[in-house]
Amino acid sequence: MMNDKLLIDNLRSVDKKARNSALRSIYASNYEYVKKFIVSNNGSENDAKDIFQDAIIVMYEKCQRKDFKLSCALRTYLYSISKNIWLNRLRKKGKYVQIKSDYEEVDLDSNGLEKLEQNELTKYYSQLLNKVDQESQQVLRLYYYEKKKMKEIAQIMGYANEQVAKNKKLRCIKKLRALIGDSQLKFIFTS
Amino acid sequence: MEDRIKKLIEEYIAGTLDDGQKKELLKLAETNQEIMQELNFEQHTMNIGEHLGRRELKMELNQIHDELFNKEIEIQSKPKSLAKPKWLGLILLIGVIVSSFFIFQKVATKPTPDVLIADYYQPFQLEVGERSSDENVFQSLIDDYQSGDYGAVVNQYNGLSINKESLSSDLLFSVAISNVEIKNFNEALTVFSTLDARSDFNIQDEVDWYKALTFLKMDDFQKLKSSLTLILEDKQHDYYQKANSLMKKI
């Protein structure tokens, strides 16, 4: 079994197999703990699956940041994220429950969780993306989500060099700009 | 829009700006519609990237879940390989002979660089929009370019006392083309490199294509081929067809 540091390193890897293997290992060794917590706190098995996967997504995003350092065991970290997400869901549903927890937890900054919950725009983006080819979507995902450099994107996508990756990204952005156009969906920016 | 502002916007969206810079940018955006639009667009783009990432990761996790806990994965049997017909060798042989004939014809009728330049090269038509702030300042540079006085464009550019990086990509591109026209190829390539580093999607395809044509004019076929290969990696490139056609002729 891989140790926590190796798992995190593999989650950041450009090697798809190494990344998938790390996800599989994390899933296999932690799911039952989270499921037990969710099911014993008003949730179903489906809730457990959903919450656990969202927790992995939050953890995955944190891992991609250069300044991320795991300050506790990976299991404790995942369990704490899962618990927070589940509590948020229950609050949104207007349910109050006395939480029963058998495991150690850590305090988390909740930015990642809130971001994950902001899905009002999801439908709009799904519609936009129907008009963008798969290859461009991959390049956008690698750049904005996986935070990969152009050189790494070229390596992952099998391009001759990073200039090709750069061009693909530019073309995709050009298309998105045309599609978004004068979208009525405006953001409020704050300092 | 100035490169500095573009960079500030990118960094704001990426969350790497300090508080002072954030305030500066948002103050500018309050009074400048173009900056506000750019901010809005960059935010949408970042969100779309995240949306894609989460969607794909969720699918991957669902698959892992199914494999670990639930369903048996259907393993599709590979289609059986077809038996090779006996006459396949003959067809291959005929194919080799026919293609050799065409390759020979192509080599025998290979056009000269001058013919290729005449076929493929045209000076870029500079379309000046209303967006950029510096067009008025450099009106005489634009006029010279549009009237085909490329030497004057280069002289004006070289004589500018301002930071040349602050010129809009369109203007910079016209300077690169002017250098090509008066055969200052190395200077042209330097300006193309500056534009490459800028990654301005409005003009990147033109930069790729005209850089390739610069190598054609320099008779540097090795670099011409690698520039064309770069364009041909992307079927959606604006100059894909032209690059493809030129590649076949060299």
# chains A, B, ... in the order shown; residues from 1 in each chain; ligands from 1
>>> interface_residues(of="chain B", to="chain A", cutoff="6 Å", atoms="only C-alpha atoms", output="ChimeraX atom specification")
/B:22-23,46,49-50,52-53,201
>>> residues_around(residues="Gln122 (chain B)", least_positions_apart="3", cutoff="10 Å", atoms="only C-alpha atoms", output="number ranges by chain")
B: 117-119, 125, 177, 181, 210, 213
>>> residues_around(residues="Phe68 (chain A)", least_positions_apart="4", cutoff="12 Å", atoms="only C-alpha atoms", output="ChimeraX atom specification")
/A:5,8-9,12,59-64
>>> atom_distance(atom1="CA of Ser80 (chain A)", atom2="CA of Asn42 (chain A)")
17.0 Å
>>> atom_distance(atom1="CA of Ser245 (chain B)", atom2="CA of Asp219 (chain B)")
17.5 Å
>>> atom_distance(atom1="CA of Arg55 (chain B)", atom2="CA of Gln155 (chain A)")
22.2 Å
>>> residues_around(residues="region 150-157 of chain B", least_positions_apart="4", cutoff="7 Å", atoms="only C-alpha atoms", output="list in words")
Leu141, Asp144, Tyr145, Val175, Ser178, Asn179, Glu181 and Ile182 of chain B
>>> write_last_selection(atoms="N, CA and C atoms", output="short mmCIF file (atom, residue, chain, number, x, y, z; two decimals), in the first residue's frame")
data_model
loop_
_atom_site.label_atom_id
_atom_site.label_comp_id
_atom_site.auth_asym_id
_atom_site.auth_seq_id
_atom_site.Cartn_x
_atom_site.Cartn_y
_atom_site.Cartn_z
N LEU B 141 2.06 55.33 -38.53
CA LEU B 141 2.64 54.00 -38.73
C LEU B 141 1.64 53.11 -39.48
N ASP B 144 1.40 54.24 -43.14
CA ASP B 144 2.54 53.77 -43.94
C ASP B 144 2.38 52.29 -44.28
N TYR B 145 1.92 51.53 -43.30
CA TYR B 145 1.78 50.09 -43.54
C TYR B 145 0.72 49.85 -44.61
N VAL B 175 4.62 45.46 -37.87
CA VAL B 175 6.05 45.74 -37.87
C VAL B 175 6.83 44.49 -38.31
N SER B 178 6.39 44.11 -41.99
CA SER B 178 7.17 45.13 -42.70
C SER B 178 8.64 44.71 -42.78
N ASN B 179 9.14 44.13 -41.69
CA ASN B 179 10.52 43.64 -41.70
C ASN B 179 10.70 42.51 -42.72
N GLU B 181 8.98 42.21 -45.43
CA GLU B 181 8.90 42.84 -46.75
C GLU B 181 10.22 43.47 -47.18
N ILE B 182 10.93 44.06 -46.21
CA ILE B 182 12.21 44.69 -46.60
C ILE B 182 13.39 43.75 -46.32
#
